[in-house]
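Below is one structure, written out as structure tokens; the observations come after it.
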Amino acid sequence: MSDKIKFEIEFVIQASPQLLYQYLSTPSGLSEWFADNVNSRGEIFSFIWDGAEEEAKLLKKKNDDFVKFAWSENDDDSYFEMRIIVDEITKDVSLFIIDFAEEDELDEAKMLWENQVSDLKHIIGSN
């Protein structure tokens, strides 16, 4: 792996795991908050931002639990994962993000996730 650093962020989201999973795992759901447009052909997802297209392979998924992607242009073992965690006691739902970034881009990458998840919360009516 290159010199990318793994980071994790957690966001509390007031939504059912089933609803949240639809926004994480489907092209239509992802295009509402994660990218301008998302298409998929099998396990290859195309994410489009401002006319630029990035492809990612869906590595693994589990219904109402998590999705894990790897960007096609990566030549390392990095990936990004969006995991739904439900607290057993309070039943609070959290979106747990695992991603990788170059050391000098770490703050920017975290801020990008914060902005994206803020859009997601707005769309699903979570505070």
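By order in the structure tokens, chains are A, B, ...; within a chain, residues start at 1; ligands start at 1, following the order shown.
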Just the residues within 12 Å of region 10-20 of chain A, please, counting only C-alpha atoms, with nothing from its chain fewer than 3 positions along; format it as an MDAnalysis selection string. chainID A and resid 7 23:26 29:30 33 62:67 81:87 90:99 110 113:127
Could you save those same residues with C-alpha atoms as a PDB file, in the first residue's frame?
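Wrote result37.pdb, looks like this:
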```pdb
ATOM      1  CA  PHE A   7      -9.312   7.011   8.909  1.00  0.00           C
ATOM      2  CA  TYR A  23     -28.954   5.385   0.168  1.00  0.00           C
ATOM      3  CA  LEU A  24     -25.614   3.568   0.504  1.00  0.00           C
ATOM      4  CA  SER A  25     -26.069   0.659  -1.852  1.00  0.00           C
ATOM      5  CA  THR A  26     -28.131   1.743  -4.853  1.00  0.00           C
ATOM      6  CA  GLY A  29     -29.719   6.424  -3.487  1.00  0.00           C
ATOM      7  CA  LEU A  30     -26.051   7.334  -3.883  1.00  0.00           C
ATOM      8  CA  TRP A  33     -26.187  12.632  -1.736  1.00  0.00           C
ATOM      9  CA  LYS A  62     -24.465  -7.042   3.320  1.00  0.00           C
ATOM     10  CA  ASN A  63     -28.109  -5.976   3.379  1.00  0.00           C
ATOM     11  CA  ASP A  64     -28.887  -3.258   5.949  1.00  0.00           C
ATOM     12  CA  ASP A  65     -25.287  -3.505   7.233  1.00  0.00           C
ATOM     13  CA  PHE A  66     -22.501  -2.219   4.969  1.00  0.00           C
ATOM     14  CA  VAL A  67     -21.102  -1.589   1.483  1.00  0.00           C
ATOM     15  CA  GLU A  81     -16.632   1.390   3.459  1.00  0.00           C
ATOM     16  CA  MET A  82     -19.937   2.700   4.740  1.00  0.00           C
ATOM     17  CA  ARG A  83     -21.193   0.637   7.671  1.00  0.00           C
ATOM     18  CA  ILE A  84     -24.493   0.949   9.532  1.00  0.00           C
ATOM     19  CA  ILE A  85     -24.174   0.425  13.275  1.00  0.00           C
ATOM     20  CA  VAL A  86     -27.157   0.078  15.587  1.00  0.00           C
ATOM     21  CA  ASP A  87     -26.543   0.530  19.306  1.00  0.00           C
ATOM     22  CA  THR A  90     -30.400   2.775  22.679  1.00  0.00           C
ATOM     23  CA  LYS A  91     -31.140   1.540  19.121  1.00  0.00           C
ATOM     24  CA  ASP A  92     -29.400   4.684  17.813  1.00  0.00           C
ATOM     25  CA  VAL A  93     -28.288   4.279  14.214  1.00  0.00           C
ATOM     26  CA  SER A  94     -24.835   5.461  13.128  1.00  0.00           C
ATOM     27  CA  LEU A  95     -23.128   5.625   9.778  1.00  0.00           C
ATOM     28  CA  PHE A  96     -19.524   4.530  10.237  1.00  0.00           C
ATOM     29  CA  ILE A  97     -17.161   5.528   7.419  1.00  0.00           C
ATOM     30  CA  ILE A  98     -13.785   3.905   6.783  1.00  0.00           C
ATOM     31  CA  ASP A  99     -11.653   5.545   4.101  1.00  0.00           C
ATOM     32  CA  LYS A 110     -12.826  14.109   6.443  1.00  0.00           C
ATOM     33  CA  TRP A 113     -17.371  13.112   4.153  1.00  0.00           C
ATOM     34  CA  GLU A 114     -18.892  15.528   6.696  1.00  0.00           C
ATOM     35  CA  ASN A 115     -20.391  17.576   3.866  1.00  0.00           C
ATOM     36  CA  GLN A 116     -21.681  14.506   2.007  1.00  0.00           C
ATOM     37  CA  VAL A 117     -23.237  12.976   5.130  1.00  0.00           C
ATOM     38  CA  SER A 118     -24.767  16.339   6.004  1.00  0.00           C
ATOM     39  CA  ASP A 119     -26.516  16.216   2.600  1.00  0.00           C
ATOM     40  CA  LEU A 120     -27.635  12.653   3.305  1.00  0.00           C
ATOM     41  CA  LYS A 121     -29.090  13.628   6.697  1.00  0.00           C
ATOM     42  CA  HIS A 122     -30.948  16.525   5.081  1.00  0.00           C
ATOM     43  CA  ILE A 123     -32.444  14.261   2.395  1.00  0.00           C
ATOM     44  CA  ILE A 124     -33.692  11.624   4.832  1.00  0.00           C
ATOM     45  CA  GLY A 125     -34.883  14.156   7.405  1.00  0.00           C
ATOM     46  CA  SER A 126     -32.322  13.346  10.094  1.00  0.00           C
ATOM     47  CA  ASN A 127     -30.883  16.160  12.208  1.00  0.00           C
TER      48      ASN A 127
END
```
Just asking: which residues within chain A are strand (DSSP E) according to DSSP, as number ranges by chain? A: 4-12, 37-41, 44-49, 52-62, 66-71, 80-86, 93-102
Two-atom distance - CA of Lys60 (chain A), CA of Gly42 (chain A) (Å):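 Spanning CA of Lys60 (chain A) to CA of Gly42 (chain A) is a straight-line distance of 12.4 Å.
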Provide the CA of Lys61 (chain A) to CA of Ser28 (chain A) distance in Å, to one decimal place.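 Answer for the CA of Lys61 (chain A) to CA of Ser28 (chain A) separation: 16.5 Å.
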Surrounding residues of region 38-41 of chain A excluding itself and chain neighbours under 2 positions, 10 Å, only C-alpha atoms, as JSON, numbers by chain: {"A": [26, 27, 28, 29, 30, 31, 32, 34, 35, 36, 43, 44, 45, 46, 47, 48, 49, 53, 54, 55, 56, 57, 58]}
According to DSSP computed on the backbone, where in region 13-73 of chain A is there helix (DSSP H, G or I)? Give the residues as a list in words. Pro17, Gln18, Leu19, Leu20, Tyr21, Gln22, Tyr23, Leu24, Ser25, Pro27, Ser28, Gly29, Leu30, Ser31, Glu32 and Trp33 of chain A
